[in-house]
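Worksheet for the structure shown next.
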Amino acid sequence: MASKMPAAIDSNKRRITISMAENSDYESTLECEFCDAKVIFVNGFTREEGDKIISVNPYFRLKASNTHGSECKYNVEGQVKLIVRESEGNVLAQTESGKFELRLLAVKKAINELQNLAKKKKNSESDNKKETKEKEYIKSEKKLGSYINSALRVLKVRSFCEENKDIENLLELVFDGVRLPWKDFYYEDKEFFRCYSNVRKATVTVPVAIIGVVKSIRTIDGKNGKFSVVNLAGPYRKTDKKDTLDSVNVSIWSPDFELFESYKVDDVLLAFGIFDASKVSEKSNKSSTSSVNKFRNHDLRLWPISKSQLCKVNG
Ligand SMILES: [Zn+2]
């Protein structure tokens, strides 16, 4: 089982971060932060994959023939078993074959239910009623949040894996009785275009998970008030026109400014929920030094209803 790690321990017992490793500021041999498995540093790089320009972030990975200890947080099987044991309700379950499954319909229902409660809370007129609704909401948020949280914990384990196959042999995704491949549920930045087209053409909305690097956190003054907006860095794609590039913009919106308070630029963020994909729109490029005049933007948006739909993966 391969894991990508954001830090390691060197032979002087110092905690080595990615930026330290990039500057060769460590003594070999490197070990996992949480067990004695040997690890190595993999440098980041950019590459062209078909018509896509993608960058791979640097990370630490297991050295060949090493495995993480059974209690280590990078041990995929151990972690999934732990999450299943600690999860509430029937959102995670063991199947007859001994594998585990994550039931996405239960998670979708939990998200929808919270959304409805939030609307009701907002629309209730008298202060008296408001208080009751508030209490009802907090109670439900706790219960539904624990469903969403179980899903998010599983996703966090996936985010440590190098590939889908590291987790899909162990944990299956099921939506309304149908099995869903991990590649259609969990998207890293190089897969944002595919995520956009899947969300755009979906006839039934399924929650998906997106993981990416925070590019900016801004306040936007909208028609209906102020919003806090997190943008993730996305890949570009060549088009048949030389001066035009395809771009994909993943953003997370909230009127609740506290929701993004603990995040900053360059954090690796995992966002999970029902995303909206709006029609492709053209934008001119403001940079005068570039030969690219236009972007064809593919917009993916999430309005999280609960803070359990987001988490930081690095650090
Ligand atoms: Zn380990």
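Following the order of the structure tokens, first chain is A, next is B, and so on, with residues numbered from 1 inside each chain and ligands from 1 in the order they appear.
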
* Using only C-alpha atoms and all ligand atoms, which protein or nucleic acid residues are at most 8 Å from ligand 1, as a list in words? -> Glu31, Cys32, Glu33, Phe34, Cys35, Asp36, Ala37, Thr67, His68, Gly69, Cys72, Lys73, Tyr74 and Asn75 of chain A

* Apply DSSP to the backbone of this structure and, from region 141-223 of chain A, keep only the residues in alpha helix (DSSP H); write these as number ranges by chain. => A: 141-160, 165-168, 192-201

* For CA of Ala64 (chain A) and CA of Lys156 (chain A), quote the distance in Å rounded to one decimal. =>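 These atoms are spaced 23.2 Å apart.
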
* Asked: Using only C-alpha atoms, which residues sit within 9 Å of region 116-118 of chain A once same-chain residues fewer than 4 positions away are excluded, as number ranges by chain?
  -> A: 111-112, 122-123, 133-134, 136-137, 140, 305

Just to be explicit: take each residue in the selection above, keep C-alpha atoms, and write the result as an mmCIF file, in the first residue's frame.
```cif
data_model
loop_
_atom_site.group_PDB
_atom_site.id
_atom_site.type_symbol
_atom_site.label_atom_id
_atom_site.label_comp_id
_atom_site.auth_asym_id
_atom_site.auth_seq_id
_atom_site.Cartn_x
_atom_site.Cartn_y
_atom_site.Cartn_z
ATOM 1 C CA ILE A 111 -26.296 16.746 3.091
ATOM 2 C CA ASN A 112 -29.765 17.418 1.609
ATOM 3 C CA LYS A 122 -33.397 31.059 7.904
ATOM 4 C CA ASN A 123 -37.042 31.458 6.909
ATOM 5 C CA LYS A 133 -35.219 25.755 14.747
ATOM 6 C CA GLU A 134 -31.692 26.606 15.827
ATOM 7 C CA GLU A 136 -33.242 21.387 15.979
ATOM 8 C CA TYR A 137 -30.544 22.318 13.488
ATOM 9 C CA SER A 140 -29.363 17.348 13.299
ATOM 10 C CA ILE A 305 -23.522 23.223 4.459
#
```

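The gap separating CA of Leu269 (chain A) from CA of Val292 (chain A) is 28.5 Å, in Å to one decimal.
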
* Selection: 12 Å around Val154 (chain A), only C-alpha atoms, excl. self and same-chain fewer than 5 positions, as a ChimeraX atom specification -> /A:73-74,76-84,86-87,91-92,100-104,147-149,159-161,167-168,170-173,182,186,209,270,272,311
